[in-house]
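To be precise, the following lines are data.txt, and they hold compact mmCIF, C-alpha atoms and all ligand atoms.
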```txt
# COMPACT_ATOMS: atom_id res chain seq x y z
CA MET A 991 13.63 5.34 -13.87
CA GLU A 992 13.61 1.56 -14.02
CA THR A 993 10.55 -0.45 -13.11
CA ARG A 994 10.47 -4.19 -12.49
CA ILE A 995 7.62 -6.62 -12.02
CA ASP A 996 7.94 -9.89 -10.12
CA HIS A 997 5.44 -12.61 -9.36
CA ILE A 998 5.29 -13.14 -5.59
CA VAL A 999 2.52 -15.65 -4.89
CA GLY A 1000 -0.76 -16.92 -6.35
CA GLY A 1001 -1.13 -14.44 -9.20
CA ILE A 1002 -0.05 -11.42 -7.15
CA TYR A 1003 2.76 -9.32 -8.64
CA ARG A 1004 4.93 -6.60 -7.13
CA ILE A 1005 5.78 -3.69 -9.42
CA ALA A 1006 8.67 -1.62 -8.02
CA THR A 1007 10.46 1.55 -9.04
CA MET A 1008 13.42 2.93 -7.10
CA THR A 1009 12.58 6.57 -6.44
CA ALA A 1010 15.86 8.33 -5.82
CA PRO A 1011 14.74 11.53 -4.07
CA TYR A 1012 13.18 9.47 -1.30
CA GLY A 1013 15.60 6.53 -1.23
CA ILE A 1014 12.77 4.01 -1.33
CA THR A 1015 10.88 2.03 -3.94
CA PHE A 1016 7.35 2.98 -4.87
CA ASN A 1017 5.46 -0.29 -5.30
CA GLN A 1018 2.18 -1.25 -6.90
CA PHE A 1019 0.56 -4.66 -6.76
CA LEU A 1020 -1.25 -6.40 -9.58
CA ILE A 1021 -3.70 -9.22 -8.88
CA ASP A 1022 -4.23 -11.30 -12.00
CA ASP A 1023 -7.76 -12.69 -11.80
CA GLU A 1024 -11.14 -12.61 -13.58
CA LEU A 1025 -11.42 -9.05 -12.29
CA PRO A 1026 -7.84 -7.78 -12.59
CA THR A 1027 -6.99 -5.39 -9.79
CA LEU A 1028 -4.24 -2.82 -9.35
CA ILE A 1029 -3.41 -1.76 -5.79
CA HIS A 1030 -1.77 1.72 -5.82
CA THR A 1031 -1.09 3.42 -9.13
CA GLY A 1032 2.17 5.21 -8.42
CA GLU A 1033 2.54 8.93 -9.04
CA HIS A 1034 0.93 10.58 -12.06
CA GLY A 1035 4.27 10.75 -13.87
CA ALA A 1036 5.03 7.06 -13.29
CA TYR A 1037 2.09 5.94 -15.42
CA GLU A 1038 4.06 4.76 -18.47
CA ASN A 1039 6.46 2.73 -16.36
CA VAL A 1040 3.74 1.11 -14.26
CA ARG A 1041 1.58 0.51 -17.31
CA GLY A 1042 4.51 -1.12 -19.12
CA ALA A 1043 5.05 -3.48 -16.20
CA ILE A 1044 1.35 -4.43 -16.11
CA ARG A 1045 1.45 -5.15 -19.84
CA GLU A 1046 3.94 -7.95 -19.21
CA VAL A 1047 1.08 -9.78 -17.46
CA LEU A 1048 -2.22 -8.45 -18.83
CA ASP A 1049 -3.78 -5.65 -20.85
CA PRO A 1050 -4.15 -2.56 -18.61
CA ALA A 1051 -7.40 -1.75 -20.44
CA THR A 1052 -8.95 -4.83 -18.79
CA LEU A 1053 -8.39 -3.64 -15.22
CA ALA A 1054 -11.60 -3.94 -13.18
CA HIS A 1055 -10.44 -2.13 -10.03
CA VAL A 1056 -7.95 0.60 -9.29
CA LEU A 1057 -7.53 0.45 -5.57
CA LEU A 1058 -6.07 3.09 -3.27
CA LEU A 1059 -5.25 2.55 0.39
CA HIS A 1060 -5.24 6.26 1.20
CA TRP A 1061 -5.44 9.45 -0.79
CA GLU A 1062 -1.86 10.47 -1.56
CA GLY A 1063 0.23 11.02 -4.67
CA ASP A 1064 2.21 7.80 -4.66
CA GLU A 1065 -0.87 5.73 -3.84
CA ASN A 1066 -3.31 7.08 -6.41
CA GLY A 1067 -1.66 9.88 -8.38
CA GLY A 1068 -2.05 7.86 -11.58
CA MET A 1069 -5.71 6.94 -11.08
CA ASP A 1070 -7.03 9.35 -13.71
CA ARG A 1071 -4.85 7.80 -16.41
CA PHE A 1072 -5.52 4.17 -15.47
CA LEU A 1073 -9.27 4.77 -15.18
CA ALA A 1074 -9.29 6.48 -18.56
CA GLU A 1075 -7.56 3.53 -20.18
CA ALA A 1076 -9.75 0.90 -18.49
CA PRO A 1077 -13.37 1.92 -19.16
CA GLN A 1078 -14.79 -0.91 -17.01
CA ALA A 1079 -12.66 -0.08 -13.98
CA ASP A 1080 -13.95 1.30 -10.71
CA LEU A 1081 -11.91 3.33 -8.26
CA VAL A 1082 -11.97 1.50 -4.92
CA GLY A 1083 -11.03 3.09 -1.62
CA SER A 1084 -12.04 3.32 1.99
CA ALA A 1085 -15.50 4.69 2.68
CA LEU A 1086 -13.81 7.85 3.90
CA SER A 1087 -11.46 8.23 0.92
CA VAL A 1088 -14.35 7.92 -1.47
CA GLY A 1089 -16.84 9.95 0.57
CA ILE A 1090 -14.54 12.85 1.35
CA ASN A 1091 -11.80 12.85 -1.25
CA ALA A 1092 -13.19 11.31 -4.43
CA HIS A 1093 -16.46 13.21 -4.11
CA GLY A 1094 -14.66 16.37 -3.05
CA PHE A 1095 -12.35 16.23 -6.04
CA GLY A 1096 -15.33 15.88 -8.36
CA MET A 1097 -15.29 12.12 -8.97
CA VAL A 1098 -18.81 10.72 -8.81
CA ASP A 1099 -18.93 7.86 -11.32
CA ARG A 1100 -17.18 4.49 -11.07
CA ILE A 1101 -16.17 4.87 -7.43
CA ARG A 1102 -16.75 2.40 -4.60
CA GLY A 1103 -16.06 2.95 -0.90
CA PHE A 1104 -15.66 0.04 1.54
CA ALA A 1105 -16.09 -0.10 5.30
CA ASP A 1106 -14.32 -2.39 7.72
CA GLY A 1107 -15.06 -6.09 7.16
CA GLU A 1108 -16.61 -5.69 3.71
CA ARG A 1109 -15.41 -7.97 0.92
CA LEU A 1110 -14.75 -7.76 -2.80
CA GLU A 1111 -14.64 -10.93 -4.92
CA LEU A 1112 -12.17 -10.93 -7.81
CA GLY A 1113 -12.63 -14.54 -8.96
CA ARG A 1114 -10.05 -16.78 -7.30
CA HIS A 1115 -9.08 -14.02 -4.88
CA THR A 1116 -11.18 -12.33 -2.22
CA LEU A 1117 -10.29 -8.97 -0.74
CA ARG A 1118 -11.36 -7.98 2.76
CA PHE A 1119 -11.07 -4.39 3.86
CA TRP A 1120 -9.81 -3.03 7.16
CA GLU A 1121 -10.35 0.58 8.10
CA THR A 1122 -7.14 1.68 9.84
CA PRO A 1123 -7.65 5.40 10.55
CA HIS A 1124 -4.60 7.37 11.63
CA VAL A 1125 -2.20 4.69 10.58
CA HIS A 1126 -0.59 7.50 8.58
CA HIS A 1127 -3.79 9.13 7.27
CA TRP A 1128 -7.39 9.72 8.44
CA ASP A 1129 -8.76 7.74 5.49
CA SER A 1130 -6.22 4.90 5.64
CA MET A 1131 -7.23 1.32 5.07
CA MET A 1132 -5.48 -2.00 4.61
CA VAL A 1133 -6.55 -4.94 2.49
CA VAL A 1134 -6.38 -8.64 3.24
CA GLU A 1135 -6.39 -11.15 0.37
CA GLU A 1136 -7.91 -14.27 1.85
CA THR A 1137 -6.82 -17.01 -0.60
CA THR A 1138 -3.09 -16.37 -0.31
CA GLY A 1139 -3.12 -15.02 3.25
CA SER A 1140 -1.77 -11.67 2.09
CA LEU A 1141 -1.85 -8.26 3.72
CA PHE A 1142 -1.50 -4.96 1.87
CA PRO A 1143 -0.52 -2.51 4.63
CA ALA A 1144 0.34 0.55 2.50
CA ASP A 1145 3.19 2.48 4.19
CA LEU A 1146 3.48 0.28 7.27
CA PHE A 1147 6.52 -2.08 7.28
CA LEU A 1148 8.48 0.19 4.92
CA GLN A 1149 12.10 -0.72 4.26
CA PRO A 1150 14.48 1.85 2.77
CA GLY A 1151 16.65 1.17 -0.26
CA ASP A 1152 16.19 -0.97 -3.34
CA GLN A 1153 15.04 -4.20 -1.75
CA PRO A 1154 14.51 -7.53 -3.52
CA PRO A 1155 10.93 -8.67 -4.21
CA VAL A 1156 10.90 -10.80 -1.05
CA VAL A 1157 12.74 -9.65 2.07
CA THR A 1158 13.82 -11.91 4.91
CA ASP A 1159 16.23 -9.49 6.66
CA ASN A 1160 15.25 -7.68 9.83
CA LEU A 1161 15.26 -4.01 8.82
CA GLY A 1162 13.05 -2.93 11.73
CA ASP A 1163 15.57 -0.40 13.08
CA ALA A 1164 16.00 1.20 9.67
CA MET A 1165 12.22 1.29 9.23
CA CYS A 1166 11.69 3.21 12.48
CA GLU A 1167 14.52 5.62 11.66
CA VAL A 1168 12.90 6.46 8.31
CA TYR A 1169 9.57 7.05 10.04
CA ARG A 1170 11.17 9.45 12.56
CA GLN A 1171 12.91 11.39 9.80
CA VAL A 1172 10.00 11.52 7.39
CA GLY A 1173 7.24 12.08 9.91
CA ILE A 1174 4.41 10.04 8.38
CA PHE A 1175 2.84 8.83 11.63
CA ALA A 1176 1.43 11.36 14.06
CA HIS A 1177 1.57 8.93 16.97
CA GLU A 1178 2.47 5.33 17.80
CA GLU A 1179 -0.82 4.31 19.41
CA PRO A 1180 -3.17 3.86 16.40
CA VAL A 1181 -0.38 1.97 14.64
CA ARG A 1182 0.26 -0.39 17.53
CA ALA A 1183 -3.44 -1.22 17.80
CA VAL A 1184 -3.35 -2.30 14.15
CA VAL A 1185 -0.13 -4.24 14.74
CA ASP A 1186 -2.08 -6.30 17.30
CA ARG A 1187 -4.72 -6.96 14.67
CA ILE A 1188 -2.06 -7.98 12.14
CA GLU A 1189 -0.45 -10.34 14.63
CA ALA A 1190 -3.81 -12.07 15.12
CA LEU A 1191 -4.22 -12.32 11.34
CA ASP A 1192 -0.75 -13.88 10.98
CA PRO A 1193 -0.40 -13.07 7.26
CA ALA A 1194 1.72 -15.36 5.09
CA TRP A 1195 2.77 -12.40 2.92
CA THR A 1196 2.93 -8.71 3.78
CA PHE A 1197 3.13 -6.52 0.69
CA ALA A 1198 4.87 -3.37 1.92
CA MET A 1199 4.35 -0.45 -0.41
CA HIS A 1200 7.96 0.67 -0.02
CA GLY A 1201 10.53 -2.14 0.11
CA GLY A 1202 10.12 -5.85 -0.40
CA THR A 1203 7.39 -8.29 0.56
CA LEU A 1204 7.81 -9.77 4.03
CA THR A 1205 7.31 -13.45 4.72
CA ARG A 1206 5.41 -14.86 7.70
CA GLU A 1207 8.73 -15.64 9.40
CA THR A 1208 10.10 -12.12 8.85
CA LEU A 1209 7.16 -10.00 9.92
CA PRO A 1210 7.41 -10.52 13.73
CA ALA A 1211 10.75 -8.67 13.91
CA TYR A 1212 9.15 -5.62 12.28
CA MET A 1213 6.16 -5.77 14.65
CA LYS A 1214 8.58 -5.97 17.58
CA ALA A 1215 10.38 -2.85 16.37
CA LEU A 1216 7.09 -0.97 16.12
CA ARG A 1217 6.19 -1.97 19.67
CA GLU A 1218 9.57 -1.16 21.23
CA GLN A 1219 10.81 1.89 19.35
CA ASP A 1220 9.57 5.44 18.94
CA PHE A 1221 8.56 6.20 15.38
CA GLY A 1222 5.96 8.97 15.69
CA TYR A 1223 6.35 12.53 14.49
CA GLU A 1224 9.31 14.29 16.12
CA GLY A 1225 9.20 17.66 14.36
CA LYS A 1226 10.66 16.58 11.02
CA LEU A 1227 9.04 16.35 7.60
CA LEU A 1228 11.11 14.45 5.04
CA GLY A 1229 14.16 15.13 7.21
CA ARG A 1230 13.53 18.90 7.43
CA GLU A 1231 13.05 20.49 10.84
CA VAL A 1232 9.68 22.17 11.17
CA ALA A 1233 9.56 25.26 13.34
CA ALA A 1234 8.16 24.58 16.81
CA PRO A 1235 5.09 26.61 17.74
CA ALA A 1236 6.03 29.96 19.32
FE FE A 1301 1.24 7.19 2.10
FE FE A 1302 3.27 5.19 0.17
```
As C-alpha cells, please, write out the structure in this file.
Amino acid sequence: METRIDHIVGGIYRIATMTAPYGITFNQFLIDDELPTLIHTGEHGAYENVRGAIREVLDPATLAHVLLLHWEGDENGGMDRFLAEAPQADLVGSALSVGINAHGFGMVDRIRGFADGERLELGRHTLRFWETPHVHHWDSMMVVEETTGSLFPADLFLQPGDQPPVVTDNLGDAMCEVYRQVGIFAHEEPVRAVVDRIEALDPAWTFAMHGGTLTRETLPAYMKALREQDFGYEGKLLGREVAAPA
C-alpha cells in the first residue's frame, strides 16, 4: 500500500492511497494552519500510512480537528488512533453524525457537531458546513473552505482508478457507472439539489474523496453527468446483485 501526499492549493494537501479491492483511491485532506485539520482519516488499518504522509508536513500530535463528512469506515475509521495521538484534537462532524453516531458509539468528550451554515476558523482558513442529507448517507455533510474557494464533497465527484492530484479530464460517465455498480446513492434527487447549490457556489477546487481534485473548469462536466445520467441504486451493492423483494 503506497500513500502519497501532494500540495494542491493554499496549504491544503491531498493524501491518496490506491485501494485495490475497490479500484479507487481513498483520500484524506490536510489543512496546514494554526489549527491543523485532517478531513477524513482513512480506514483504521491505514493509520500508519496516513500518519506518515501527514508527518511530511506537520506533527500529527498537533492536529486540532479530525473531521468526518459522514460516519463510514473510509471517512473516519482511523479517528480513534488520530484522536489518541493528538490530545488537543476534537472530532468534528455534522450535528447528526455527532448526535446519533458519536454519542451512540460512546464518544462524549472532544466532539463537535455543526449545522448548516455554521463556521469553524482555523487561522488563515475558514470552514463553512453544509448539511447534505441523503447525498449518500443520512448524516452527510460537505465543507466549504472560504479562503481558497474549496469544496470537500466526500464521495460526490468520485473518479475511478489512480488519478493524479489534480484532474482535468471529463470522467463523468465513468463516475456514474461506478455509482450504479456500487450503489452508494439511494436516489438522484437529493444529490441533484446539492449539485444546484454547488453550481451557485462555483468552487475553484473540488476535493473529491476518491480520485483527483477537480478544477473550476473541470467540474461542470461532472455536474452535467449527474443531471443527465441515472446513478441511483439499481439493485447492486459493490457490483453484487441483491435479491429483489419477494
Ligand atoms: Fe462514504
Ligand atoms: Fe468515501
- Task: Residues within 10 Å of ligand FE 1301 (chain A) should be enumerated using only C-alpha atoms and all ligand atoms and returned as a ChimeraX atom specification.
- Result: /A:1058-1066,1125-1127,1130,1144-1146,1174-1175,1199-1200
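Near Val1185 in chain A, within 12 Å and counting only C-alpha atoms, sit Thr1122, Val1125, Met1132, Leu1141, Pro1143, Leu1146, Phe1147, Glu1178, Glu1179, Pro1180, Val1181, Arg1182, Ile1188, Glu1189, Ala1190, Leu1191, Asp1192, Pro1193, Leu1209, Pro1210, Ala1211, Tyr1212, Met1213, Lys1214, Ala1215, Leu1216 and Arg1217 of chain A, not including residues fewer than 3 positions from it in the same chain.
One distance worth recording is that between CA of Ala1010 in chain A and CA of Ile995 in chain A, which is 18.2 Å.
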- Please provide as a PyMOL selection string all residues within 8 Å of Pro1026 in chain A, with the sequence filter that same-chain residues fewer than 5 positions apart are discarded (counting only C-alpha atoms). chain A and resi 1020-1021+1052-1055+1112
Can I get the selection written as a short mmCIF file (atom, residue, chain, number, x, y, z; two decimals), keeping the file's coordinate frame, with C-alpha atoms?
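Result file again10.cif:
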```cif
data_model
loop_
_atom_site.label_atom_id
_atom_site.label_comp_id
_atom_site.auth_asym_id
_atom_site.auth_seq_id
_atom_site.Cartn_x
_atom_site.Cartn_y
_atom_site.Cartn_z
CA LEU A 1020 -1.25 -6.40 -9.58
CA ILE A 1021 -3.70 -9.22 -8.88
CA THR A 1052 -8.95 -4.83 -18.79
CA LEU A 1053 -8.39 -3.64 -15.22
CA ALA A 1054 -11.60 -3.94 -13.18
CA HIS A 1055 -10.44 -2.13 -10.03
CA LEU A 1112 -12.17 -10.93 -7.81
#
```
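Closest approach to ligand FE 1302 (chain A) among A:Arg1045, A:His1030, A:Arg1071, A:Arg1102: A:His1030, based on all atoms listed in the file.
Shortest atom-to-atom contact with Ser1084 in chain A among A:Glu1207, A:Asp1106, A:Glu1038, A:Glu1224: A:Asp1106, counting all atoms listed in the file.
Candidate residues A:His1177, A:Arg1206, A:Arg1170, A:Arg1109 were compared for distance to His1124 in chain A, and the nearest is A:His1177, using all atoms listed in the file.
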- Message: I'd like the contact shell of Arg1041 in chain A - 12 Å cut-off, all atoms listed in the file, skipping same-chain residues fewer than 4 positions apart - returned as a count of residues only.
- Response: 32
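Ranking A:Pro1077, A:Gly1225, A:Gly1000, A:Gly1067 by their shortest atom-to-atom distance to ligand FE 1302 (chain A), with only C-alpha atoms and all ligand atoms included, puts A:Gly1067 first.
You will find CA of Gly1151 in chain A at 15.3 Å from CA of Leu1228 in chain A.
Here CA of Gly1202 in chain A stands at a distance of 15.9 Å from CA of Glu992 in chain A.
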- Identify, on the basis of only C-alpha atoms, every residue whose closest approach to Pro1154 in chain A does not exceed 12 Å; exclude the query and any residue fewer than 5 positions from it along the same chain; express the result as a list of chain:residue names. A:Arg994, A:Ile995, A:Asp996, A:His997, A:Ile998, A:Arg1004, A:Ile1005, A:Ala1006, A:Thr1007, A:Met1008, A:Ile1014, A:Thr1015, A:Asn1017, A:Gln1149, A:Asp1159, A:Ala1198, A:His1200, A:Gly1201, A:Gly1202, A:Thr1203, A:Leu1204
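The shortest atom-to-atom distance to ligand FE 1302 (chain A), with only C-alpha atoms and all ligand atoms taken into account, belongs to A:Ile1029 out of A:Ile1101, A:Ala1085, A:Ala1176, A:Ile1029.
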Identify, on the basis of all atoms listed in the file, every residue whose closest approach to Phe1095 in chain A does not exceed 12 Å; exclude the query and any residue fewer than 5 positions from it along the same chain; express the result as a compact mmCIF listing (two decimals) with C-alpha atoms, in the coordinates of the input.
```
# COMPACT_ATOMS: atom_id res chain seq x y z
CA TRP A 1061 -5.44 9.45 -0.79
CA ASP A 1070 -7.03 9.35 -13.71
CA SER A 1087 -11.46 8.23 0.92
CA VAL A 1088 -14.35 7.92 -1.47
CA GLY A 1089 -16.84 9.95 0.57
CA ILE A 1090 -14.54 12.85 1.35
```
